[in-house]
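Shown here: target.cif, mmCIF, C-alpha atoms.
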data_protein
loop_
_atom_site.label_atom_id
_atom_site.label_comp_id
_atom_site.auth_asym_id
_atom_site.auth_seq_id
_atom_site.Cartn_x
_atom_site.Cartn_y
_atom_site.Cartn_z
CA MET A 29 85.34 112.64 133.83
CA GLU A 30 82.66 112.30 136.48
CA GLY A 31 80.43 109.45 137.53
CA SER A 32 80.55 105.68 137.77
CA THR A 33 81.56 103.21 135.08
CA GLN A 34 78.60 100.99 135.95
CA GLY A 35 75.43 100.87 133.86
CA ASN A 36 74.70 102.74 130.67
CA SER A 37 75.77 106.25 131.68
CA LEU A 38 79.23 107.39 132.78
CA GLY A 39 78.58 111.02 133.55
CA ARG A 40 79.77 113.86 131.37
CA VAL A 41 82.70 114.74 129.14
CA ASN A 42 83.83 118.28 128.39
CA LEU A 43 83.20 119.02 124.72
CA ASP A 44 86.07 121.52 124.49
CA GLY A 45 88.46 118.90 123.09
CA ILE A 46 86.23 118.19 120.10
CA PRO A 47 87.00 120.04 116.84
CA PRO A 48 84.54 122.83 115.97
CA GLY A 49 83.69 121.15 112.66
CA VAL A 50 82.58 117.94 114.42
CA LEU A 51 80.51 119.91 116.91
CA GLY A 52 79.07 121.91 114.03
CA ILE A 53 77.84 118.78 112.27
CA ALA A 54 76.38 117.43 115.52
CA ARG A 55 74.67 120.77 116.19
CA VAL A 56 73.02 120.87 112.74
CA ILE A 57 71.70 117.32 113.17
CA HIS A 58 70.51 118.00 116.74
CA GLU A 59 68.77 121.25 115.79
CA ALA A 60 66.93 119.36 113.04
CA GLY A 61 65.33 117.27 115.79
CA PHE A 62 67.46 114.12 115.64
CA GLY A 63 69.52 112.34 118.26
CA VAL A 64 73.27 112.37 117.64
CA TRP A 65 76.25 110.76 119.38
CA ILE A 66 80.03 110.80 118.95
CA VAL A 67 81.11 107.16 118.93
CA GLY A 68 83.94 104.69 118.57
CA GLY A 69 87.67 105.27 118.38
CA ALA A 70 87.45 109.06 118.55
CA LEU A 71 85.70 108.92 121.92
CA ARG A 72 88.14 106.23 123.11
CA ASP A 73 91.07 108.52 122.25
CA LEU A 74 89.37 111.54 123.79
CA ILE A 75 89.01 109.72 127.10
CA LEU A 76 92.64 108.58 126.96
CA GLY A 77 93.85 112.10 126.23
CA VAL A 78 95.05 111.12 122.74
CA THR A 79 94.28 113.36 119.76
CA PRO A 80 91.68 111.47 117.69
CA ARG A 81 92.49 110.82 114.02
CA ASP A 82 88.97 110.23 112.71
CA TRP A 83 85.56 111.23 113.96
CA ASP A 84 82.34 109.21 113.66
CA LEU A 85 78.78 110.12 114.53
CA VAL A 86 75.68 107.98 114.96
CA THR A 87 72.28 109.60 114.52
CA THR A 88 68.61 108.75 114.46
CA ALA A 89 68.45 110.70 111.19
CA LEU A 90 68.25 108.52 108.09
CA PRO A 91 70.85 108.99 105.32
CA HIS A 92 68.51 111.07 103.17
CA HIS A 93 67.86 113.37 106.14
CA VAL A 94 71.59 113.89 106.63
CA THR A 95 72.03 114.49 102.90
CA ASN A 96 69.40 117.21 103.01
CA LEU A 97 71.04 118.92 105.99
CA PHE A 98 74.49 119.47 104.46
CA PRO A 99 75.71 120.82 101.12
CA LYS A 100 78.50 118.26 100.70
CA VAL A 101 77.68 114.62 101.49
CA ILE A 102 79.40 111.53 100.05
CA PRO A 103 77.68 108.10 100.18
CA VAL A 104 80.79 106.31 101.50
CA GLY A 105 78.86 103.36 102.94
CA ILE A 106 75.26 104.03 102.05
CA ARG A 107 74.47 100.28 102.07
CA HIS A 108 75.21 100.32 105.81
CA GLY A 109 73.54 103.67 106.39
CA THR A 110 76.79 105.67 106.42
CA VAL A 111 77.54 108.91 104.62
CA GLY A 112 80.57 111.18 104.72
CA VAL A 113 79.82 114.78 105.67
CA GLN A 114 82.24 117.62 104.95
CA PHE A 115 81.47 120.73 106.94
CA GLY A 116 83.58 123.60 108.24
CA GLY A 117 86.76 122.03 106.88
CA THR A 118 86.09 118.76 108.73
CA ALA A 119 85.18 115.33 107.30
CA VAL A 120 83.05 113.06 109.49
CA GLU A 121 81.34 109.72 108.84
CA VAL A 122 77.71 109.75 109.97
CA THR A 123 75.81 106.47 110.43
CA SER A 124 72.08 106.07 110.92
CA CYS A 125 70.64 103.93 113.71
CA SER A 126 67.09 103.12 114.85
CA TRP A 127 64.51 105.88 115.34
CA SER A 128 64.24 104.72 118.94
CA GLU A 129 66.93 106.94 120.41
CA GLN A 130 68.25 105.01 123.42
CA GLY A 131 67.47 101.58 121.99
CA GLY A 132 68.98 102.44 118.61
CA ILE A 133 72.31 103.70 119.91
CA LEU A 134 72.60 100.81 122.35
CA ARG A 135 72.03 98.32 119.54
CA ASP A 136 74.71 100.13 117.54
CA LEU A 137 77.18 99.84 120.42
CA GLY A 138 76.31 96.17 120.84
CA ARG A 139 77.48 95.48 117.29
CA ARG A 140 80.92 97.04 117.84
CA ASP A 141 84.09 95.02 118.12
CA PHE A 142 85.67 95.82 121.50
CA THR A 143 84.36 97.40 124.68
CA VAL A 144 86.83 100.31 124.41
CA ASN A 145 85.15 101.20 121.11
CA ALA A 146 81.58 100.65 122.37
CA LEU A 147 81.22 104.12 123.87
CA ALA A 148 78.92 106.95 122.80
CA LEU A 149 78.94 110.63 123.77
CA ALA A 150 75.50 112.24 123.51
CA TYR A 151 75.35 115.71 121.97
CA PRO A 152 74.81 118.30 123.40
CA GLU A 153 74.51 116.86 126.93
CA GLY A 154 78.03 115.43 126.96
CA VAL A 155 76.73 112.25 128.63
CA VAL A 156 78.69 109.10 127.84
CA LEU A 157 76.91 105.79 127.33
CA ASP A 158 79.06 102.84 128.38
CA PRO A 159 76.91 99.67 128.41
CA TYR A 160 79.92 97.31 128.25
CA GLU A 161 82.23 99.00 130.78
CA GLY A 162 84.64 100.08 128.07
CA GLU A 163 85.93 103.03 130.11
CA ARG A 164 86.99 100.64 132.87
CA ASP A 165 88.79 98.45 130.32
CA LEU A 166 90.46 101.54 128.87
CA HIS A 167 91.99 102.46 132.19
CA LEU A 168 92.94 98.83 132.92
CA GLY A 169 94.57 98.53 129.50
CA VAL A 170 92.40 95.53 128.60
CA LEU A 171 91.05 94.73 125.15
CA ARG A 172 87.82 92.77 125.48
CA ALA A 173 85.29 91.81 122.82
CA VAL A 174 81.73 93.10 123.11
CA GLY A 175 79.57 90.17 124.16
CA ASP A 176 80.51 86.84 122.56
CA ALA A 177 84.04 87.20 121.16
CA LYS A 178 83.69 84.48 118.52
CA SER A 179 80.56 86.13 117.16
CA ARG A 180 82.32 89.50 116.94
CA PHE A 181 85.26 88.00 115.02
CA ARG A 182 82.97 86.04 112.72
CA GLU A 183 81.04 89.18 111.84
CA ASP A 184 84.28 90.61 110.46
CA PRO A 185 87.42 88.41 110.56
CA LEU A 186 89.57 91.51 109.97
CA ARG A 187 88.96 92.27 113.65
CA VAL A 188 91.63 89.72 114.60
CA ILE A 189 94.25 92.01 113.00
CA ARG A 190 92.57 95.10 114.40
CA ALA A 191 92.95 93.68 117.91
CA CYS A 192 96.71 93.39 117.35
CA ARG A 193 96.76 96.88 115.86
CA LEU A 194 95.16 98.31 119.00
CA VAL A 195 97.89 96.56 121.00
CA ALA A 196 100.46 98.32 118.78
CA TYR A 197 98.94 101.74 119.45
CA TYR A 198 97.78 101.47 123.07
CA ASP A 199 99.76 98.58 124.55
CA PHE A 200 96.51 96.83 125.49
CA HIS A 201 96.50 93.34 126.99
CA ILE A 202 93.99 91.13 125.15
CA GLU A 203 91.62 89.49 127.63
CA PRO A 204 92.08 85.64 127.64
CA ALA A 205 88.62 84.67 126.32
CA THR A 206 88.94 87.28 123.54
CA PHE A 207 92.41 85.99 122.62
CA ARG A 208 91.21 82.37 122.53
CA ALA A 209 88.45 83.40 120.13
CA LEU A 210 91.00 85.36 118.07
CA MET A 211 93.13 82.21 117.71
CA GLU A 212 90.13 80.10 116.75
CA GLU A 213 88.87 82.56 114.15
CA ALA A 214 92.19 83.66 112.59
CA SER A 215 91.82 81.22 109.69
CA ARG A 216 88.72 83.12 108.52
CA LEU A 217 91.04 85.87 107.28
CA LYS A 218 91.17 83.83 104.06
CA SER A 219 87.76 85.30 103.22
CA VAL A 220 88.86 88.94 103.72
CA ALA A 221 89.85 91.12 100.76
CA GLN A 222 93.60 91.60 100.51
CA GLU A 223 93.20 95.39 100.34
CA ARG A 224 91.52 95.40 103.77
CA ILE A 225 94.26 93.21 105.23
CA ARG A 226 96.89 95.51 103.71
CA ASP A 227 95.31 98.65 105.17
CA GLU A 228 95.10 97.14 108.66
CA ILE A 229 98.71 95.90 108.56
CA TYR A 230 99.84 99.32 107.33
CA LYS A 231 98.22 100.93 110.36
CA LEU A 232 99.61 98.33 112.74
CA ILE A 233 103.25 98.70 111.76
CA LEU A 234 103.16 102.43 112.51
CA GLY A 235 102.38 101.72 116.18
CA LYS A 236 104.88 102.18 119.00
CA GLN A 237 104.37 98.77 120.67
CA LEU A 238 105.42 96.52 117.81
CA GLY A 239 106.83 93.80 120.07
CA GLY A 240 103.50 93.17 121.76
CA ALA A 241 101.52 93.57 118.55
CA PHE A 242 103.60 91.06 116.61
CA GLU A 243 103.47 88.60 119.49
CA CYS A 244 99.67 88.80 119.22
CA LEU A 245 99.92 88.21 115.48
CA ARG A 246 102.33 85.32 115.95
CA ARG A 247 100.76 83.55 118.93
CA GLY A 248 97.27 84.13 117.58
CA GLY A 249 98.11 82.38 114.30
CA VAL A 250 97.37 85.60 112.41
CA LEU A 251 100.90 86.14 111.08
CA LYS A 252 100.90 82.84 109.20
CA GLN A 253 97.57 83.77 107.62
CA VAL A 254 98.58 87.20 106.33
CA LEU A 255 102.30 86.50 105.82
CA PRO A 256 102.79 82.76 105.28
CA GLU A 257 106.27 83.66 104.02
CA PHE A 258 107.19 84.02 107.70
CA ASP A 259 106.00 80.52 108.63
CA GLU A 260 109.28 79.32 110.14
CA PRO A 261 110.77 75.84 109.65
CA GLY A 262 109.83 73.76 112.63
CA SER A 263 106.66 75.68 113.38
CA GLY A 264 104.56 72.60 112.71
CA GLY A 265 102.68 74.22 109.83
CA SER A 266 99.75 75.31 112.01
CA GLY A 267 99.20 77.42 115.07
CA ALA A 268 101.85 79.83 116.30
CA PRO A 269 105.32 79.51 114.76
CA ARG A 270 108.16 79.40 117.24
CA SER A 271 109.77 82.69 118.08
CA SER A 272 112.84 82.43 115.83
CA GLU A 273 115.86 84.71 115.81
CA ARG A 274 114.88 85.90 112.33
CA TYR A 275 111.41 86.90 113.55
CA LEU A 276 112.77 88.65 116.65
CA HIS A 277 115.34 90.45 114.55
CA MET A 278 112.64 91.63 112.15
CA VAL A 279 110.51 93.07 114.95
CA ALA A 280 113.50 94.81 116.55
CA THR A 281 114.55 96.31 113.20
CA MET A 282 111.04 97.64 112.51
CA ALA A 283 110.86 99.16 116.00
CA GLY A 284 114.24 100.80 115.40
CA CYS A 285 112.97 102.63 112.31
CA PRO A 286 111.13 105.97 112.35
CA GLU A 287 107.35 105.72 111.98
CA ARG A 288 107.35 105.98 108.18
CA LEU A 289 105.23 103.46 106.29
CA ASN A 290 107.50 102.45 103.40
CA LEU A 291 110.57 102.33 105.63
CA ARG A 292 108.89 100.05 108.17
CA LEU A 293 107.50 97.86 105.39
CA ALA A 294 111.03 97.51 104.02
CA ALA A 295 112.15 96.48 107.53
CA LEU A 296 109.32 93.94 107.66
CA PHE A 297 110.38 92.32 104.39
CA GLN A 298 114.12 92.92 104.48
CA HIS A 299 115.07 89.33 105.33
CA ILE A 300 111.99 87.52 104.06
CA GLY A 301 113.95 85.74 101.30
CA LYS A 302 114.76 82.05 101.66
CA HIS A 303 118.30 82.76 102.89
CA GLY A 304 116.73 84.01 106.09
CA THR A 305 114.78 80.79 106.72
CA LYS A 306 117.78 78.51 107.07
CA GLU A 307 117.80 77.25 110.63
CA SER A 308 121.58 77.02 110.50
CA CYS A 309 121.81 80.82 110.15
CA LYS A 310 122.07 82.73 113.40
CA GLU A 311 120.83 85.85 111.65
CA SER A 312 119.93 86.71 108.10
CA PRO A 313 123.03 87.51 106.03
CA LEU A 314 124.02 91.03 105.06
CA ASN A 315 124.84 90.31 101.45
CA GLU A 316 123.54 91.58 98.14
CA SER A 317 122.09 88.28 96.93
CA SER A 318 120.03 87.93 100.12
CA PHE A 319 118.70 91.48 99.78
CA ARG A 320 117.79 90.92 96.10
CA GLU A 321 115.98 87.73 97.01
CA SER A 322 114.04 89.41 99.82
CA ALA A 323 113.10 92.26 97.47
CA LYS A 324 111.58 89.72 95.05
CA VAL A 325 109.52 88.07 97.80
CA ALA A 326 108.46 91.49 99.12
CA ALA A 327 107.21 92.42 95.64
CA LEU A 328 105.09 89.26 95.51
CA VAL A 329 103.52 89.99 98.92
CA LEU A 330 102.84 93.62 98.05
CA LYS A 331 101.25 92.62 94.75
CA ARG A 332 99.05 90.19 96.66
CA TRP A 333 98.06 93.09 98.91
CA ARG A 334 97.24 95.20 95.82
CA ALA A 335 99.86 97.83 96.66
CA SER A 336 100.58 100.43 94.01
CA GLY A 337 103.41 99.92 91.54
CA HIS A 338 105.17 103.02 92.87
CA GLN A 339 105.04 101.76 96.45
CA ILE A 340 106.31 98.32 95.42
CA ARG A 341 109.27 99.86 93.58
CA THR A 342 110.07 102.14 96.51
CA ILE A 343 110.06 99.37 99.11
CA THR A 344 111.93 96.84 97.00
CA ASP A 345 114.59 99.43 96.16
CA ILE A 346 115.09 100.22 99.85
CA ILE A 347 115.67 96.50 100.43
CA LYS A 348 117.64 95.76 97.28
CA TYR A 349 120.16 98.55 97.79
CA GLN A 350 120.94 97.83 101.43
CA PRO A 351 124.70 98.21 102.00
CA PRO A 352 126.17 94.74 102.65
CA GLU A 353 128.67 93.73 105.27
CA GLY A 354 132.23 94.73 104.39
CA ILE A 355 131.42 98.26 103.25
CA ARG A 356 134.31 99.54 105.36
CA ASN A 357 136.62 98.14 102.66
CA TRP A 358 134.92 99.86 99.73
CA ASP A 359 137.04 102.40 97.90
CA ASP A 360 135.61 105.72 96.67
CA PRO A 361 134.81 104.53 93.10
CA THR A 362 132.85 101.58 94.55
CA ILE A 363 130.85 103.90 96.80
CA ARG A 364 130.20 106.27 93.87
CA ARG A 365 128.92 103.37 91.74
CA TYR A 366 126.71 102.22 94.60
CA LEU A 367 125.26 105.70 95.19
CA ASN A 368 124.67 106.17 91.47
CA ARG A 369 122.26 103.22 91.43
CA ILE A 370 120.01 104.80 94.07
CA ASP A 371 117.28 107.39 93.54
CA SER A 372 118.41 110.19 95.83
CA PRO A 373 115.07 110.53 97.72
CA LEU A 374 115.46 106.91 98.89
CA LEU A 375 118.99 107.19 100.23
CA GLU A 376 118.02 108.40 103.70
CA ASP A 377 115.54 105.54 104.20
CA ILE A 378 118.08 103.03 102.89
CA LEU A 379 120.64 104.25 105.41
CA LEU A 380 118.12 104.41 108.27
CA LEU A 381 117.12 100.80 107.63
CA ALA A 382 120.77 99.75 107.48
CA GLN A 383 121.35 101.38 110.86
CA ALA A 384 118.26 99.76 112.45
CA ASP A 385 119.19 96.36 111.00
CA ARG A 386 122.70 96.52 112.40
CA SER A 387 121.51 97.83 115.78
CA ALA A 388 119.31 94.75 116.17
CA ARG A 389 122.18 92.28 115.62
CA VAL A 390 124.32 90.40 118.10
CA ASP A 391 127.54 91.95 116.80
CA SER A 392 125.91 95.36 116.60
CA GLN A 393 128.77 97.61 117.70
CA ARG A 394 131.22 96.37 115.07
CA LEU A 395 128.58 96.61 112.34
CA LEU A 396 127.44 100.05 113.49
CA ASP A 397 131.02 101.35 113.50
CA GLU A 398 131.42 100.06 109.94
CA TYR A 399 128.10 101.63 108.94
CA ALA A 400 128.92 105.00 110.52
CA SER A 401 132.20 105.20 108.61
CA PHE A 402 130.45 104.30 105.35
CA ARG A 403 127.64 106.81 105.90
CA LEU A 404 130.15 109.60 106.53
CA ARG A 405 132.10 108.79 103.37
CA ALA A 406 128.93 108.46 101.26
CA HIS A 407 127.60 111.85 102.34
CA SER A 408 131.02 113.41 101.78
CA LEU A 409 131.15 112.10 98.20
CA LEU A 410 127.63 113.31 97.51
CA GLU A 411 128.28 116.76 98.90
CA SER A 412 131.50 117.07 96.86
CA GLY A 413 129.54 116.48 93.64
CA GLU A 414 131.65 113.45 92.75
CA VAL A 415 128.65 111.18 92.21
CA VAL A 416 127.83 112.38 88.70
CA PRO A 417 124.49 111.20 87.25
CA ILE A 418 124.63 110.02 83.65
CA GLY A 419 122.47 113.00 82.66
CA GLU A 420 125.19 115.36 83.91
CA LEU A 421 127.99 114.01 81.71
CA ALA A 422 129.90 116.74 79.89
CA VAL A 423 128.82 115.14 76.58
CA ASN A 424 125.46 113.88 75.38
CA GLY A 425 124.04 111.42 72.91
CA LYS A 426 124.19 113.90 70.05
CA ASP A 427 127.93 114.33 70.66
CA VAL A 428 128.42 110.56 70.58
CA MET A 429 126.53 110.24 67.28
CA GLU A 430 128.46 113.09 65.62
CA ILE A 431 131.95 111.96 66.66
CA LEU A 432 131.41 108.23 66.07
CA GLY A 433 129.26 108.70 62.99
CA ILE A 434 126.46 106.48 64.24
CA ASP A 435 122.68 106.81 64.20
CA SER A 436 120.40 107.03 67.19
CA GLY A 437 119.92 103.65 68.87
CA PRO A 438 121.10 101.29 71.65
CA LEU A 439 124.76 101.76 70.68
CA VAL A 440 124.61 105.43 71.72
CA GLY A 441 123.38 104.41 75.16
CA ARG A 442 126.15 101.84 75.53
CA TRP A 443 128.79 104.50 74.79
CA LEU A 444 127.24 106.94 77.26
CA ARG A 445 127.24 104.26 79.95
CA LYS A 446 130.89 103.50 79.21
CA LEU A 447 131.76 107.19 79.61
CA HIS A 448 129.70 107.30 82.77
CA ARG A 449 131.62 104.37 84.30
CA MET A 450 134.86 106.22 83.55
CA VAL A 451 133.61 109.35 85.31
CA LEU A 452 132.38 107.40 88.35
CA GLU A 453 135.85 105.86 88.56
CA ASN A 454 137.48 109.29 88.24
CA PRO A 455 135.15 112.33 88.44
CA SER A 456 137.89 114.67 87.20
CA LEU A 457 137.41 113.14 83.71
CA ASN A 458 133.97 114.75 83.39
CA GLN A 459 135.19 117.50 81.11
CA ARG A 460 133.89 117.97 77.59
CA LYS A 461 137.34 118.08 75.96
CA ILE A 462 138.55 114.93 77.77
CA LEU A 463 135.44 112.91 76.93
CA MET A 464 135.34 114.17 73.30
CA ASP A 465 139.03 113.23 72.85
CA PHE A 466 138.31 109.79 74.27
CA LEU A 467 135.48 109.28 71.79
CA ARG A 468 137.63 110.45 68.87
CA LYS A 469 140.35 107.91 69.76
CA SER A 470 137.85 105.09 70.28
CA GLU A 471 137.01 102.40 67.79
CA LEU A 472 133.54 101.02 67.23
#

Output the structure of this file as structure tokens.
Amino acid sequence: MEGSTQGNSLGRVNLDGIPPGVLGIARVIHEAGFGVWIVGGALRDLILGVTPRDWDLVTTALPHHVTNLFPKVIPVGIRHGTVGVQFGGTAVEVTSCSWSEQGGILRDLGRRDFTVNALALAYPEGVVLDPYEGERDLHLGVLRAVGDAKSRFREDPLRVIRACRLVAYYDFHIEPATFRALMEEASRLKSVAQERIRDEIYKLILGKQLGGAFECLRRGGVLKQVLPEFDEPGSGGSGAPRSSERYLHMVATMAGCPERLNLRLAALFQHIGKHGTKESCKESPLNESSFRESAKVAALVLKRWRASGHQIRTITDIIKYQPPEGIRNWDDPTIRRYLNRIDSPLLEDILLLAQADRSARVDSQRLLDEYASFRLRAHSLLESGEVVPIGELAVNGKDVMEILGIDSGPLVGRWLRKLHRMVLENPSLNQRKILMDFLRKSEL
């Protein structure tokens, strides 16, 4: 990049790093006689050398002009002058600004949240407008509000979480005046739709700098707004809760998990049950009752966030079926019964969370040794075919009804479950003759 960071213009940016579809949309708008700029997070990432996820354009064209220029346009935010354009296999949001080219785009940038997002790349010149010295802040690693920070947060209180999310992704340091305003405005999150809070938290927890991001959430008073379940005893009920061992353990466990949404959400909620809030506990217990309790609290939070039923079941199962301490002493039938309760696609995430949880503990080596032994035995039993699902019994419900002379109903299921328990105890019994003989000798 050439030029100075002072004033409105930075110099030029090479357009080669921009996808052809984005350039194609900009070209169509430009050739129709309208001004068009690439703006926001995409330009921020382009300057940082990060592959942008989403692309946004601002244009002097009004929404109906844009609609007439492209065959496929979706009114994603027509109330705010935004439409979604799909062109050349690329989806881009296009927002209208004032007809006055320079004044309109500058006003648009003045309404943005942080200086690092208040950048605009003019097409086709490649000139970058930077009225708030966002490029300088980018290279300094500073997150600074555009203009008056309190006003920016009041315009959209969700920005207090977004600030922490940008810390998670870019390891920014939030400028002191911006952070003070964040603390003062955090309580306004009560007015934000739970779905918007959920989506921002989901993005945040997939970042690489979770320690810094969660410290922003905690010290800024944001965590107690979006997750009051983490409001620690002794935190005073307002402001930032103290940095408890449970909180630190949670952050370390999340950071130790791969960047998969449901897995990291399970790590977030894994010890959220009341057992984990006892100040007398050094760390949350690794026992089945604690995991069940945390799964119940997680379900309540996820329902509040309007998560889907499938996602709630997935996350709570990952938590609920965490292997407890003492698994080294489990015999093979106990491991088979445990594995039988788990949907096979979830097993890898369950084990990854167990590993991350144990790695974050004081007595980590002993617990990791125990876990490694258990994981090896569990995979061995699965690969040997000894964990027989109830649907793979050598007999079925029709066999049970014929031999016992009973009609279809709950009793058939009870007998199948009894046979299944026998087979999990001793897989060699899963033979049709053996199970049929057992049924013939049984009494109702």

Phe142 (chain A) surroundings by all atoms listed in the file, 6 Å radius, close-in-sequence under 3 positions cut, as number ranges by chain: A: 145, 172-174

Near-Arg180 (chain A) list (10 Å; all atoms listed in the file; drop same-chain fewer than 4 positions) as a list in words: Gly138, Arg139, Arg140, Asp141, Phe142, Ala173, Val174, Gly175, Asp176, Asp184, Pro185, Arg187, Val188, Thr206, Ala209, Leu210 and Glu213 of chain A

Could you turn the residues from that selection into a file that holds C-alpha atoms, as an mmCIF file, in the coordinates of the input?
data_model
loop_
_atom_site.group_PDB
_atom_site.id
_atom_site.type_symbol
_atom_site.label_atom_id
_atom_site.label_comp_id
_atom_site.auth_asym_id
_atom_site.auth_seq_id
_atom_site.Cartn_x
_atom_site.Cartn_y
_atom_site.Cartn_z
ATOM 1 C CA GLY A 138 76.310 96.170 120.840
ATOM 2 C CA ARG A 139 77.480 95.480 117.290
ATOM 3 C CA ARG A 140 80.920 97.040 117.840
ATOM 4 C CA ASP A 141 84.090 95.020 118.120
ATOM 5 C CA PHE A 142 85.670 95.820 121.500
ATOM 6 C CA ALA A 173 85.290 91.810 122.820
ATOM 7 C CA VAL A 174 81.730 93.100 123.110
ATOM 8 C CA GLY A 175 79.570 90.170 124.160
ATOM 9 C CA ASP A 176 80.510 86.840 122.560
ATOM 10 C CA ASP A 184 84.280 90.610 110.460
ATOM 11 C CA PRO A 185 87.420 88.410 110.560
ATOM 12 C CA ARG A 187 88.960 92.270 113.650
ATOM 13 C CA VAL A 188 91.630 89.720 114.600
ATOM 14 C CA THR A 206 88.940 87.280 123.540
ATOM 15 C CA ALA A 209 88.450 83.400 120.130
ATOM 16 C CA LEU A 210 91.000 85.360 118.070
ATOM 17 C CA GLU A 213 88.870 82.560 114.150
#

Distance in Å - CA of Leu245 (chain A) versus CA of Phe258 (chain A): 11.4 Å

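Ranking A:Pro286, A:Pro152, A:Gly425, A:Pro204 by their shortest atom-to-atom distance to Val170 (chain A), with all atoms listed in the file included, puts A:Pro204 first.
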
Ground truth for the PyMOL selection byres ((chain A and resi 119) around 12), written as a list in words: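 Taken on the displayed file, the PyMOL selection byres ((chain A and resi 119) around 12) yields the residues Pro47, Pro48, Gly49, Val50, Leu51, Gly52, Ile53, Arg81, Asp82, Trp83, Asp84, Leu85, Phe98, Lys100, Val101, Ile102, Val104, Val111, Gly112, Val113, Gln114, Phe115, Gly116, Gly117, Thr118, Val120, Glu121 and Val122 of chain A.
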
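By chain and then residue number, the residues within 9 Å of Gln383 (chain A) are Thr281, Gly284, Cys285, Ile378, Leu379, Leu380, Leu381, Asp385, Arg386, Ser387, Ala388, Leu395, Leu396, Tyr399 and Ala400 of chain A, counting all atoms listed in the file and disregarding those fewer than 2 positions away in sequence.
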
One-decimal distance in Å that lies between CA of Glu414 (chain A) and CA of Ser401 (chain A):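 So the two atoms, CA of Ser401 (chain A) and CA of Glu414 (chain A), lie 17.9 Å apart.
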
Residues matched by the PyMOL selection byres ((chain A and resi 443-455) around 9), written as a PyMOL selection string: chain A and resi 360-362+364-365+368+413-418+421+423-425+428+438-442+456-459+463+466-467

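For the choices A:Val41, A:Ile347, A:Leu134, A:Leu251, the atom-to-atom distance to Ala327 (chain A) is smallest for A:Ile347 when using all atoms listed in the file.
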
Expected selection from the PyMOL selection byres ((chain A and resi 276) around 10), given as a ChimeraX atom specification: /A:239,242-243,271-275,277-281,311,388

Residues near Phe62 (chain A), cut-off 8 Å, all atoms listed in the file, skip fewer than 6 positions along chain, as a PyMOL selection string: chain A and resi 87-89

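Going from CA of Ala150 (chain A) over to CA of Glu59 (chain A), you cover 13.6 Å.
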
Box in all listed atoms of region 376-387 of chain A, axis-aligned, with 4 Å more on each side; write out centre and edge lengths in Å to one decimal as AutoDock Vina command-line options.
--center_x 119.1 --center_y 102.4 --center_z 109.3 --size_x 15.2 --size_y 20.0 --size_z 20.9

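Of the residues under consideration (A:Leu314, A:Leu255, A:Val86, A:Leu97), A:Leu314 shows the shortest atom-to-atom contact distance to Gly354 (chain A) when counting all atoms listed in the file.
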
Selection near Leu234 (chain A), 8 Å with all atoms listed in the file, sequence-local residues under 4 positions removed, as a PyMOL selection string: chain A and resi 196+230+287-289+292

Residues just named, written with C-alpha atoms as a JSON list (two decimals), keeping the file's coordinate frame:
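So again-v9.json came out as:
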[["chain", "number", "residue", "atom", "x", "y", "z"],
["A", 196, "ALA", "CA", 100.46, 98.32, 118.78],
["A", 230, "TYR", "CA", 99.84, 99.32, 107.33],
["A", 287, "GLU", "CA", 107.35, 105.72, 111.98],
["A", 288, "ARG", "CA", 107.35, 105.98, 108.18],
["A", 289, "LEU", "CA", 105.23, 103.46, 106.29],
["A", 292, "ARG", "CA", 108.89, 100.05, 108.17]]

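Proximity to His167 (chain A) was assessed for A:Val254, A:Met282, A:Ile75, A:Cys192 counting all atoms listed in the file; the smallest distance is recorded for A:Ile75.
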
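Checking A:Met429, A:Leu171, A:Lys252, A:Ile363 one by one against Glu203 (chain A), counting all atoms listed in the file, you find the shortest gap at A:Leu171.
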
For Lys348 (chain A), the nearest of the candidates A:Phe297, A:Phe402, A:Tyr197, A:Phe181, counting all atoms listed in the file: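 When distances to Lys348 (chain A) are compared using all atoms listed in the file, the smallest one comes from A:Phe297.
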